[in-house]
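Engineer: entry09.tsv is reproduced in full below (TSV, C-alpha atoms and all ligand atoms).
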```tsv
chain	number	residue	atom	x	y	z
A	830	MET	CA	0.00	0.00	0.00
A	831	SER	CA	1.42	3.44	-0.90
A	832	LYS	CA	1.96	6.07	1.76
A	833	PRO	CA	0.52	9.58	1.36
A	834	GLN	CA	3.04	12.19	0.32
A	835	LEU	CA	2.72	15.61	1.92
A	836	ILE	CA	3.64	18.57	-0.26
A	837	ASP	CA	5.97	21.22	0.95
A	838	VAL	CA	3.70	24.23	1.52
A	839	PRO	CA	3.84	26.02	4.87
A	840	ALA	CA	1.30	24.85	7.46
A	841	ARG	CA	-0.71	27.92	8.34
A	842	PRO	CA	-3.28	27.14	11.02
A	843	VAL	CA	-1.37	28.82	13.87
A	844	MET	CA	-1.44	32.09	12.02
A	845	PHE	CA	-5.18	31.73	11.42
A	846	ARG	CA	-5.88	31.00	15.07
A	847	GLU	CA	-4.64	34.48	15.90
A	848	GLN	CA	-6.83	35.93	13.20
A	849	ALA	CA	-9.96	34.10	14.34
A	850	TYR	CA	-12.00	35.18	17.30
A	851	THR	CA	-14.95	33.69	19.09
A	852	ALA	CA	-17.84	36.09	19.00
A	853	ALA	CA	-20.62	34.05	20.55
A	854	GLU	CA	-23.55	36.38	21.06
A	855	THR	CA	-24.72	37.50	24.50
A	856	LEU	CA	-28.32	38.68	24.54
A	857	ALA	CA	-30.18	40.94	26.98
A	858	PRO	CA	-33.16	39.45	28.89
A	859	GLY	CA	-36.14	39.06	26.56
A	860	GLU	CA	-34.01	39.78	23.48
A	861	ARG	CA	-33.73	36.12	22.51
A	862	GLU	CA	-37.50	35.63	22.25
A	863	ALA	CA	-37.95	38.92	20.39
A	864	LEU	CA	-35.23	38.03	17.88
A	865	MET	CA	-36.58	34.52	17.38
A	866	ALA	CA	-40.07	35.93	16.70
A	867	ARG	CA	-38.70	38.56	14.30
A	868	ALA	CA	-36.62	35.94	12.46
A	869	ARG	CA	-39.70	33.70	12.03
A	870	GLU	CA	-41.64	36.64	10.60
A	871	LEU	CA	-38.85	37.66	8.22
A	872	LEU	CA	-38.19	34.14	6.95
A	873	LYS	CA	-41.86	33.89	6.01
A	874	ALA	CA	-42.09	37.37	4.50
A	875	HIS	CA	-39.04	36.77	2.27
A	876	ASN	CA	-39.93	33.21	1.25
A	877	ALA	CA	-36.65	32.26	2.88
A	878	VAL	CA	-35.45	29.06	4.46
A	879	LEU	CA	-32.75	28.69	7.12
A	880	VAL	CA	-30.10	26.03	6.52
A	881	ALA	CA	-27.79	25.60	9.52
A	882	HIS	CA	-24.73	23.49	10.27
A	883	TYR	CA	-24.59	21.37	13.44
A	884	TYR	CA	-21.78	23.55	14.83
A	885	THR	CA	-23.88	26.74	14.95
A	886	ALA	CA	-25.62	28.11	18.05
A	887	ALA	CA	-28.46	25.97	19.44
A	888	ASP	CA	-30.97	28.81	18.90
A	889	LEU	CA	-30.24	28.87	15.17
A	890	GLN	CA	-30.68	25.11	14.98
A	891	LEU	CA	-33.99	25.33	16.88
A	892	LEU	CA	-35.19	28.10	14.58
A	893	ALA	CA	-34.21	26.17	11.44
A	894	ASP	CA	-36.08	23.09	12.66
A	895	GLU	CA	-39.25	24.91	13.66
A	896	THR	CA	-39.51	27.01	10.49
A	897	GLY	CA	-39.17	24.18	7.97
A	898	GLY	CA	-35.44	24.71	7.46
A	899	TYR	CA	-32.72	22.17	7.95
A	900	VAL	CA	-29.80	21.36	10.26
A	901	SER	CA	-27.18	18.99	8.90
A	902	ASP	CA	-23.65	18.24	7.72
A	903	SER	CA	-22.18	20.06	4.75
A	904	LEU	CA	-23.23	17.50	2.12
A	905	ASP	CA	-26.87	17.58	3.17
A	906	MET	CA	-26.87	21.38	3.52
A	907	ALA	CA	-25.84	21.53	-0.15
A	908	ARG	CA	-28.49	19.03	-1.20
A	909	PHE	CA	-31.28	20.62	0.83
A	910	GLY	CA	-30.57	24.14	-0.43
A	911	LYS	CA	-30.52	22.98	-4.05
A	912	GLU	CA	-33.77	21.05	-3.79
A	913	HIS	CA	-35.80	23.51	-1.69
A	914	ASP	CA	-38.14	25.87	-3.55
A	915	ALA	CA	-37.60	28.95	-1.35
A	916	SER	CA	-36.33	31.98	-3.26
A	917	THR	CA	-33.86	32.92	-0.48
A	918	LEU	CA	-31.51	30.55	1.34
A	919	VAL	CA	-30.08	31.80	4.61
A	920	VAL	CA	-26.98	29.75	5.31
A	921	ALA	CA	-25.83	29.69	8.95
A	922	GLY	CA	-22.39	28.19	8.78
A	923	VAL	CA	-19.15	29.28	7.16
A	924	ARG	CA	-18.41	31.02	3.89
A	925	PHE	CA	-17.75	27.94	1.75
A	926	MET	CA	-21.21	26.63	2.66
A	927	GLY	CA	-22.85	29.84	1.44
A	928	GLU	CA	-20.78	29.76	-1.76
A	929	THR	CA	-21.67	26.12	-2.38
A	930	ALA	CA	-25.37	26.98	-1.98
A	931	LYS	CA	-25.04	29.83	-4.50
A	932	ILE	CA	-23.10	27.71	-7.01
A	933	LEU	CA	-25.76	25.00	-6.87
A	934	SER	CA	-28.70	27.45	-6.91
A	935	PRO	CA	-27.59	30.48	-8.92
A	936	GLU	CA	-31.21	31.62	-9.31
A	937	LYS	CA	-31.69	31.94	-5.53
A	938	ARG	CA	-30.61	34.74	-3.24
A	939	VAL	CA	-28.17	33.38	-0.67
A	940	LEU	CA	-27.62	35.34	2.55
A	941	MET	CA	-25.33	34.64	5.48
A	942	PRO	CA	-25.43	36.13	8.98
A	943	ASP	CA	-21.70	37.00	8.77
A	944	LEU	CA	-19.55	36.97	5.66
A	945	GLU	CA	-16.37	36.97	7.77
A	946	ALA	CA	-17.17	33.46	8.96
A	947	THR	CA	-14.57	31.44	7.12
A	948	CYS	CA	-12.55	28.26	7.71
A	949	SER	CA	-8.82	27.64	8.25
A	950	LEU	CA	-8.86	25.01	5.49
A	951	ASP	CA	-10.24	27.50	2.97
A	952	LEU	CA	-7.80	30.22	4.11
A	953	GLY	CA	-4.88	27.80	3.91
A	954	CYS	CA	-5.44	26.93	0.26
A	955	PRO	CA	-5.13	30.07	-1.92
A	956	ALA	CA	-6.45	29.43	-5.44
A	957	ASP	CA	-3.30	30.59	-7.28
A	958	GLU	CA	-0.92	28.42	-5.24
A	959	PHE	CA	-3.30	25.52	-5.54
A	960	ALA	CA	-3.51	25.91	-9.33
A	961	ALA	CA	0.31	25.83	-9.54
A	962	PHE	CA	0.31	22.64	-7.45
A	963	CYS	CA	-2.21	21.05	-9.85
A	964	ASP	CA	-0.25	22.22	-12.90
A	965	ALA	CA	2.84	20.51	-11.50
A	966	HIS	CA	0.99	17.17	-11.31
A	967	PRO	CA	-1.12	16.88	-14.46
A	968	ASP	CA	-1.25	13.07	-14.17
A	969	ARG	CA	-3.35	13.21	-10.97
A	970	THR	CA	-7.11	13.48	-10.48
A	971	VAL	CA	-7.77	16.56	-8.36
A	972	VAL	CA	-10.10	15.90	-5.42
A	973	VAL	CA	-10.80	18.75	-3.00
A	974	TYR	CA	-12.68	18.97	0.26
A	975	ALA	CA	-15.83	21.13	0.25
A	976	ASN	CA	-14.08	23.42	2.78
A	977	THR	CA	-12.45	25.45	-0.02
A	978	SER	CA	-13.15	28.58	-2.06
A	979	ALA	CA	-15.23	28.50	-5.22
A	980	ALA	CA	-12.04	29.09	-7.26
A	981	VAL	CA	-10.36	26.01	-5.78
A	982	LYS	CA	-13.47	23.94	-6.47
A	983	ALA	CA	-13.43	25.25	-10.04
A	984	ARG	CA	-9.89	23.87	-10.49
A	985	ALA	CA	-10.85	20.44	-9.14
A	986	ASP	CA	-12.17	17.35	-10.88
A	987	TRP	CA	-14.16	16.34	-7.80
A	988	VAL	CA	-15.42	18.04	-4.64
A	989	VAL	CA	-16.17	15.80	-1.65
A	990	THR	CA	-17.38	16.25	1.91
A	991	SER	CA	-16.29	14.08	4.83
A	992	SER	CA	-19.37	11.90	4.47
A	993	ILE	CA	-18.51	10.77	0.95
A	994	ALA	CA	-14.73	11.32	0.59
A	995	VAL	CA	-13.64	7.73	1.26
A	996	ASP	CA	-16.18	6.25	-1.17
A	997	VAL	CA	-15.29	8.66	-3.98
A	998	VAL	CA	-11.53	8.17	-3.63
A	999	ARG	CA	-11.95	4.39	-3.41
A	1000	HIS	CA	-13.98	4.51	-6.63
A	1001	LEU	CA	-11.28	6.58	-8.36
A	1002	ALA	CA	-8.45	4.39	-7.06
A	1003	GLU	CA	-10.25	1.30	-8.36
A	1004	ARG	CA	-10.21	2.95	-11.78
A	1005	GLY	CA	-6.42	3.26	-11.42
A	1006	GLU	CA	-6.40	7.02	-10.83
A	1007	LYS	CA	-3.74	8.75	-8.72
A	1008	ILE	CA	-5.08	11.50	-6.46
A	1009	LEU	CA	-4.02	15.04	-5.70
A	1010	TRP	CA	-5.84	15.95	-2.48
A	1011	ALA	CA	-6.41	19.30	-0.74
A	1012	PRO	CA	-6.53	20.93	1.68
A	1013	ASP	CA	-6.88	18.88	4.93
A	1014	ARG	CA	-3.84	16.66	5.43
A	1015	HIS	CA	-5.43	14.75	8.34
A	1016	LEU	CA	-8.53	13.88	6.34
A	1017	GLY	CA	-6.26	13.04	3.39
A	1018	GLU	CA	-4.21	10.70	5.54
A	1019	TYR	CA	-7.37	9.01	6.82
A	1020	ILE	CA	-8.77	8.57	3.29
A	1021	GLN	CA	-5.44	7.13	2.16
A	1022	ARG	CA	-5.43	4.69	5.08
A	1023	GLU	CA	-8.97	3.54	4.24
A	1024	THR	CA	-8.57	3.24	0.48
A	1025	GLY	CA	-4.85	2.55	-0.13
A	1026	ALA	CA	-5.02	5.17	-2.92
A	1027	ASP	CA	-1.88	6.88	-4.23
A	1028	MET	CA	-2.39	10.38	-2.79
A	1029	LEU	CA	-0.41	13.59	-2.80
A	1030	LEU	CA	-1.60	15.85	0.04
A	1031	TRP	CA	-1.82	19.60	0.48
A	1032	ASN	CA	-0.60	20.70	3.92
A	1033	GLY	CA	-3.74	22.25	5.45
A	1034	SER	CA	-5.61	21.61	8.68
A	1035	CYS	CA	-8.62	22.60	10.75
A	1036	ILE	CA	-7.70	24.72	13.77
A	1037	VAL	CA	-10.45	23.09	15.83
A	1038	HIS	CA	-9.90	19.38	15.16
A	1039	GLU	CA	-6.13	19.66	15.10
A	1040	GLU	CA	-6.27	20.44	18.83
A	1041	PHE	CA	-7.57	17.01	19.85
A	1042	LYS	CA	-4.78	15.10	21.62
A	1043	GLY	CA	-4.06	11.37	21.32
A	1044	ARG	CA	-2.34	10.78	24.67
A	1045	GLU	CA	-4.96	12.64	26.70
A	1046	LEU	CA	-7.72	10.83	24.83
A	1047	ALA	CA	-6.15	7.49	25.78
A	1048	GLU	CA	-6.19	8.59	29.45
A	1049	LEU	CA	-9.84	9.61	29.25
A	1050	ARG	CA	-10.70	6.25	27.70
A	1051	GLU	CA	-9.04	4.50	30.64
A	1052	GLN	CA	-11.33	6.44	32.98
A	1053	HIS	CA	-14.38	5.50	30.88
A	1054	PRO	CA	-13.66	2.03	29.54
A	1055	ASP	CA	-17.23	1.54	28.27
A	1056	ALA	CA	-17.37	4.80	26.35
A	1057	VAL	CA	-17.69	4.80	22.58
A	1058	VAL	CA	-15.19	7.15	20.89
A	1059	LEU	CA	-16.55	9.25	18.01
A	1060	VAL	CA	-14.03	11.13	15.85
A	1061	HIS	CA	-14.36	13.51	12.91
A	1062	PRO	CA	-11.64	12.67	10.35
A	1063	GLU	CA	-10.23	16.22	10.36
A	1064	SER	CA	-8.56	15.11	13.63
A	1065	PRO	CA	-4.93	13.94	13.81
A	1066	MET	CA	-4.20	10.24	13.19
A	1067	ALA	CA	-3.27	9.66	16.88
A	1068	VAL	CA	-6.91	10.48	17.68
A	1069	VAL	CA	-8.51	8.78	14.65
A	1070	GLU	CA	-6.69	5.54	15.53
A	1071	GLN	CA	-8.56	5.34	18.84
A	1072	ALA	CA	-12.02	5.83	17.34
A	1073	ASP	CA	-14.88	3.37	17.37
A	1074	VAL	CA	-16.63	5.49	14.75
A	1075	VAL	CA	-14.94	7.91	12.31
A	1076	GLY	CA	-17.07	10.07	10.07
A	1077	SER	CA	-18.95	13.21	9.17
A	1078	THR	CA	-20.95	15.14	11.73
A	1079	SER	CA	-24.13	13.31	10.62
A	1080	LYS	CA	-22.47	9.94	11.04
A	1081	LEU	CA	-21.31	10.82	14.57
A	1082	LEU	CA	-24.78	12.07	15.51
A	1083	ASN	CA	-26.31	8.91	14.12
A	1084	ALA	CA	-23.93	6.80	16.22
A	1085	VAL	CA	-25.22	8.46	19.41
A	1086	LYS	CA	-28.79	7.83	18.27
A	1087	THR	CA	-28.36	4.20	17.28
A	1088	MET	CA	-25.65	2.67	19.50
A	1089	ASP	CA	-26.55	1.09	22.83
A	1090	ALA	CA	-23.67	2.64	24.78
A	1091	LYS	CA	-24.48	5.16	27.52
A	1092	THR	CA	-21.29	7.23	27.33
A	1093	PHE	CA	-19.67	8.79	24.26
A	1094	ILE	CA	-16.38	10.65	23.92
A	1095	VAL	CA	-16.77	13.11	21.06
A	1096	ALA	CA	-13.85	14.52	19.04
A	1097	THR	CA	-15.55	17.21	16.99
A	1098	ASP	CA	-16.90	20.73	17.53
A	1099	ARG	CA	-19.08	20.79	20.62
A	1100	GLY	CA	-21.85	22.62	18.73
A	1101	ILE	CA	-23.04	19.16	17.72
A	1102	PHE	CA	-23.88	18.38	21.38
A	1103	HIS	CA	-27.15	20.27	20.91
A	1104	LYS	CA	-28.52	17.70	18.46
A	1105	MET	CA	-26.94	14.77	20.29
A	1106	ARG	CA	-28.61	15.82	23.56
A	1107	GLU	CA	-31.90	16.66	21.92
A	1108	ALA	CA	-32.14	13.14	20.48
A	1109	ASN	CA	-30.69	11.32	23.52
A	1110	PRO	CA	-31.00	13.35	26.73
A	1111	GLU	CA	-30.18	10.30	28.86
A	1112	LYS	CA	-26.76	9.68	27.28
A	1113	VAL	CA	-23.48	11.03	28.68
A	1114	LEU	CA	-21.41	13.08	26.23
A	1115	LEU	CA	-17.79	13.88	27.00
A	1116	GLU	CA	-15.64	16.29	25.01
A	1117	ALA	CA	-12.42	14.70	23.77
A	1118	PRO	CA	-9.45	16.53	25.35
A	1119	THR	CA	-8.00	19.44	23.42
A	1120	ALA	CA	-5.21	20.60	25.73
A	1121	GLY	CA	-2.05	18.51	25.85
A	1122	ARG	CA	0.23	18.43	28.90
A	1123	GLY	CA	1.79	21.84	29.42
A	1124	ALA	CA	-0.12	23.32	26.50
A	1125	SER	CA	-1.79	26.67	26.77
A	1126	CYS	CA	-5.11	25.60	25.32
A	1127	GLY	CA	-5.69	27.49	22.08
A	1128	SER	CA	-8.90	25.61	21.45
A	1129	CYS	CA	-12.15	24.98	23.20
A	1130	ALA	CA	-13.45	22.52	20.60
A	1131	HIS	CA	-15.59	25.22	19.07
A	1132	CYS	CA	-15.05	26.77	15.67
A	1133	PRO	CA	-14.57	30.54	16.08
A	1134	TRP	CA	-16.05	31.17	12.65
A	1135	MET	CA	-19.15	29.08	13.22
A	1136	ALA	CA	-19.61	31.09	16.43
A	1137	MET	CA	-20.00	34.30	14.41
A	1138	ASN	CA	-23.51	33.21	13.43
A	1139	GLY	CA	-26.05	34.61	15.87
A	1140	LEU	CA	-29.70	35.65	16.12
A	1141	ARG	CA	-28.89	39.35	15.81
A	1142	SER	CA	-26.84	38.89	12.65
A	1143	LEU	CA	-29.48	36.55	11.23
A	1144	VAL	CA	-32.23	39.15	11.71
A	1145	HIS	CA	-29.95	41.88	10.34
A	1146	CYS	CA	-29.24	40.04	7.08
A	1147	LEU	CA	-32.93	39.23	6.58
A	1148	GLU	CA	-34.05	42.79	7.35
A	1149	THR	CA	-31.49	44.54	5.15
A	1150	GLY	CA	-30.46	41.96	2.54
A	1151	ALA	CA	-26.89	42.41	3.77
A	1152	ASN	CA	-24.27	39.70	3.38
A	1153	GLU	CA	-25.50	38.33	0.11
A	1154	ILE	CA	-23.21	35.75	-1.48
A	1155	PHE	CA	-22.04	36.33	-5.05
A	1156	VAL	CA	-19.81	33.97	-7.01
A	1157	ASP	CA	-18.17	34.89	-10.31
A	1158	PRO	CA	-20.38	33.18	-12.95
A	1159	ASP	CA	-17.44	31.61	-14.85
A	1160	ILE	CA	-15.96	30.19	-11.64
A	1161	ALA	CA	-19.40	29.02	-10.53
A	1162	GLU	CA	-19.97	27.22	-13.83
A	1163	GLN	CA	-16.73	25.24	-13.45
A	1164	ALA	CA	-17.25	24.57	-9.73
A	1165	ARG	CA	-20.74	23.25	-10.52
A	1166	VAL	CA	-19.12	20.46	-12.54
A	1167	SER	CA	-16.94	19.16	-9.67
A	1168	LEU	CA	-19.75	19.63	-7.12
A	1169	GLY	CA	-22.20	17.99	-9.51
A	1170	ARG	CA	-20.00	14.87	-9.72
A	1171	MET	CA	-20.24	14.52	-5.93
A	1172	LEU	CA	-24.02	14.97	-5.91
A	1173	ASP	CA	-24.46	12.48	-8.79
A	1174	PHE	CA	-22.21	9.99	-6.98
A	1175	ALA	CA	-24.24	10.41	-3.76
A	1176	ARG	CA	-27.49	9.93	-5.68
A	1177	ALA	CA	-26.20	6.75	-7.35
A	1178	GLN	CA	-25.09	5.43	-3.95
A	1179	GLN	CA	-28.53	6.11	-2.49
A	1180	ARG	CA	-30.24	4.37	-5.41
A	1181	GLN	CA	-28.00	1.36	-4.86
A	1182	VAL	CA	-28.82	1.24	-1.14
A	1183	LEU	CA	-32.55	1.46	-1.90
A	1184	GLY	CA	-32.21	-1.16	-4.63
A	1185	ASP	CA	-30.33	-3.50	-2.27
A	1186	ALA	CA	-32.90	-3.08	0.49
B	1	LIG	P1	-19.23	17.87	7.97
B	1	LIG	O1	-19.39	17.82	6.50
B	1	LIG	O2	-18.90	16.54	8.56
B	1	LIG	O3	-20.41	18.51	8.62
B	1	LIG	O4	-17.95	18.77	8.29
B	1	LIG	C1	-17.86	20.13	8.00
B	1	LIG	C2	-16.82	20.78	8.80
B	1	LIG	O5	-16.47	21.89	8.56
B	1	LIG	C3	-16.24	20.03	9.90
B	1	LIG	O6	-15.31	20.80	10.57
B	2	LIG	FE1	-13.29	24.90	9.09
B	2	LIG	FE2	-12.55	23.54	11.20
B	2	LIG	FE3	-14.37	25.46	11.45
B	2	LIG	FE4	-14.99	23.14	10.18
B	2	LIG	S1	-14.49	23.41	12.35
B	2	LIG	S2	-15.48	25.22	9.49
B	2	LIG	S3	-13.04	22.69	9.19
B	2	LIG	S4	-12.21	25.72	10.86
```
Could you take the file, read its structure, and then write that structure out as structure tokens?

Structural biologist:
Amino acid sequence: MSKPQLIDVPARPVMFREQAYTAAETLAPGEREALMARARELLKAHNAVLVAHYYTAADLQLLADETGGYVSDSLDMARFGKEHDASTLVVAGVRFMGETAKILSPEKRVLMPDLEATCSLDLGCPADEFAAFCDAHPDRTVVVYANTSAAVKARADWVVTSSIAVDVVRHLAERGEKILWAPDRHLGEYIQRETGADMLLWNGSCIVHEEFKGRELAELREQHPDAVVLVHPESPMAVVEQADVVGSTSKLLNAVKTMDAKTFIVATDRGIFHKMREANPEKVLLEAPTAGRGASCGSCAHCPWMAMNGLRSLVHCLETGANEIFVDPDIAEQARVSLGRMLDFARAQQRQVLGDA
């Protein structure tokens, strides 16, 4: 089996951590209810639907659920937005999710509570440097993670999310294709381990998941020997190796819903605890450790960019039309091809599952 090769671009997440800030909203008494009511009114008035990621604030998830919107992982956010007949999509998440929605639904207005909400993986993969990397390896099929800019997606043959990445790369490897992968090196390493594909990896990482620590996780497991360990594959291999379940946010949530265990150790953003608790209030959820021995903890297992989405900014964008997402039409047209391959692949997989049932 070949080993993944890591390309020699500087790792940048430390720099981004300084740039990011956690701006979780604090609301005055009574303000929450007033904002929730106003948001409901505005969503209806604008024929808008709220599509939220599991890492966003619990209030946004509650609002999405009760107004006919959707809370999910990034693959299902993309699918839901494309298929819904609302004329405005309000995407509570990070920038690449809003851009993906716009690329897939160019006829819809796409708003976001905060356009500054980005992602260290997207920031760490500038389109021009990435294009040069691709040009240097024309023999490889270019597969990129959804956590990238529209321009990077436009340069790719395939876009994948964490819920489908292993299956797509396995399919390509079985066809004899060699892979150029970007930007998350941890996810790339995990995909390579699962598929045995020949992969060349960009050197990017997620500032949240990179903080999970293998040694401290092993100690926590000793204290809770019956706990099931759930790990998002953006985490380092020392953490992934200890997992009972590795997968997308939806897969981890589903594990809590369907497995008999009482205690779960969760190595992903703690925003997902809202849905895990909602579905299974009797289960015990423990955060996987983020601070190593002697480390000054730079992480609290919560994405600082996801935290920029709040009720006030949601109401503001609906009231004013601020923070609309625009994607250059030529770039969008190309990115739609690589995103479309993923959606077609997912559809074919679903048909096969239904056919097999
Ligand atoms: P999912 O597609 O698993 O929801 O992951 C998105 C993400 O940004 C995780 O950090
Ligand atoms: Fe990006 Fe990590 Fe935040 Fe997900 S959790 S949006 S990968 S920085």

Engineer: Compare A:Asp986, A:Asp894, A:Asp964, A:Asp1098 by their minimum atom-to-atom distance to ligand LIG 2 (chain B), counting only C-alpha atoms and all ligand atoms, and give me the closest one.

Structural biologist: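 Under the stated criterion, the closest residue is A:Asp1098.
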
Engineer: Could the residues that lie within 7 Å of ligand LIG 2 (chain B), counting only C-alpha atoms and all ligand atoms, be listed as a CSV table (one decimal) with C-alpha atoms, keeping the file's coordinate frame?

Structural biologist:
```
chain,number,residue,atom,x,y,z
A,923,VAL,CA,-19.2,29.3,7.2
A,947,THR,CA,-14.6,31.4,7.1
A,948,CYS,CA,-12.6,28.3,7.7
A,949,SER,CA,-8.8,27.6,8.2
A,950,LEU,CA,-8.9,25.0,5.5
A,976,ASN,CA,-14.1,23.4,2.8
A,1035,CYS,CA,-8.6,22.6,10.8
A,1036,ILE,CA,-7.7,24.7,13.8
A,1037,VAL,CA,-10.4,23.1,15.8
A,1038,HIS,CA,-9.9,19.4,15.2
A,1098,ASP,CA,-16.9,20.7,17.5
A,1132,CYS,CA,-15.0,26.8,15.7
A,1133,PRO,CA,-14.6,30.5,16.1
A,1134,TRP,CA,-16.0,31.2,12.6
A,1135,MET,CA,-19.2,29.1,13.2
```

Engineer: If the limit is 6 Å from any atom of ligand LIG 1 (chain B), counting all atoms listed in the file, which residues qualify? Return them as a PyMOL selection string.

Structural biologist: chain A and resi 902-904+990-991+1077-1078

Engineer: Excluding same-chain residues fewer than 6 positions from Ala985 in chain A, what lies within 10 Å of it counting only C-alpha atoms, as a ChimeraX atom specification?

Structural biologist: /A:959-960,963,970-974,979,1009-1011,1163-1164,1166-1168

Engineer: Measuring atom to atom with all atoms listed in the file, identify which of A:Gly922, A:Gly1017, A:Pro935, A:Gly859 is nearest to Leu835 in chain A.

Structural biologist: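 Closest candidate: A:Gly1017.
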
Engineer: At what distance in Å, to one decimal, does CA of Gly1033 in chain A lie from CA of Val981 in chain A?

Structural biologist: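 One can read the CA of Val981 in chain A to CA of Gly1033 in chain A distance as 13.6 Å.
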
Engineer: Write range 1007-1021 of chain A as a JSON list (two decimals), in the frame of the given file, completed to N, CA and C atoms.

Structural biologist:
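Output contents, as saved in part_35.json:
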```json
[["chain", "number", "residue", "atom", "x", "y", "z"],
["A", 1007, "LYS", "N", -4.56, 8.23, -9.82],
["A", 1007, "LYS", "CA", -3.74, 8.75, -8.72],
["A", 1007, "LYS", "C", -4.36, 10.09, -8.29],
["A", 1008, "ILE", "N", -4.31, 10.36, -7.00],
["A", 1008, "ILE", "CA", -5.08, 11.50, -6.46],
["A", 1008, "ILE", "C", -4.18, 12.64, -6.00],
["A", 1009, "LEU", "N", -4.58, 13.85, -6.32],
["A", 1009, "LEU", "CA", -4.02, 15.04, -5.70],
["A", 1009, "LEU", "C", -5.12, 15.55, -4.76],
["A", 1010, "TRP", "N", -4.81, 15.64, -3.48],
["A", 1010, "TRP", "CA", -5.84, 15.95, -2.48],
["A", 1010, "TRP", "C", -5.54, 17.27, -1.77],
["A", 1011, "ALA", "N", -6.57, 18.07, -1.52],
["A", 1011, "ALA", "CA", -6.41, 19.30, -0.74],
["A", 1011, "ALA", "C", -7.74, 19.62, -0.05],
["A", 1012, "PRO", "N", -7.72, 20.44, 1.03],
["A", 1012, "PRO", "CA", -6.53, 20.93, 1.68],
["A", 1012, "PRO", "C", -6.20, 20.19, 2.99],
["A", 1013, "ASP", "N", -7.09, 19.38, 3.56],
["A", 1013, "ASP", "CA", -6.88, 18.88, 4.93],
["A", 1013, "ASP", "C", -5.98, 17.64, 4.94],
["A", 1014, "ARG", "N", -4.77, 17.79, 5.48],
["A", 1014, "ARG", "CA", -3.84, 16.66, 5.43],
["A", 1014, "ARG", "C", -4.29, 15.52, 6.34],
["A", 1015, "HIS", "N", -4.99, 15.84, 7.45],
["A", 1015, "HIS", "CA", -5.43, 14.75, 8.34],
["A", 1015, "HIS", "C", -6.52, 13.92, 7.67],
["A", 1016, "LEU", "N", -7.48, 14.60, 7.07],
["A", 1016, "LEU", "CA", -8.53, 13.88, 6.34],
["A", 1016, "LEU", "C", -7.91, 13.10, 5.18],
["A", 1017, "GLY", "N", -6.94, 13.72, 4.50],
["A", 1017, "GLY", "CA", -6.26, 13.04, 3.39],
["A", 1017, "GLY", "C", -5.58, 11.77, 3.86],
["A", 1018, "GLU", "N", -4.92, 11.86, 5.00],
["A", 1018, "GLU", "CA", -4.21, 10.70, 5.54],
["A", 1018, "GLU", "C", -5.20, 9.58, 5.90],
["A", 1019, "TYR", "N", -6.34, 9.99, 6.46],
["A", 1019, "TYR", "CA", -7.37, 9.01, 6.82],
["A", 1019, "TYR", "C", -7.94, 8.33, 5.56],
["A", 1020, "ILE", "N", -8.23, 9.13, 4.54],
["A", 1020, "ILE", "CA", -8.77, 8.57, 3.29],
["A", 1020, "ILE", "C", -7.75, 7.59, 2.69],
["A", 1021, "GLN", "N", -6.49, 7.99, 2.73],
["A", 1021, "GLN", "CA", -5.44, 7.13, 2.16],
["A", 1021, "GLN", "C", -5.38, 5.81, 2.92]]
```
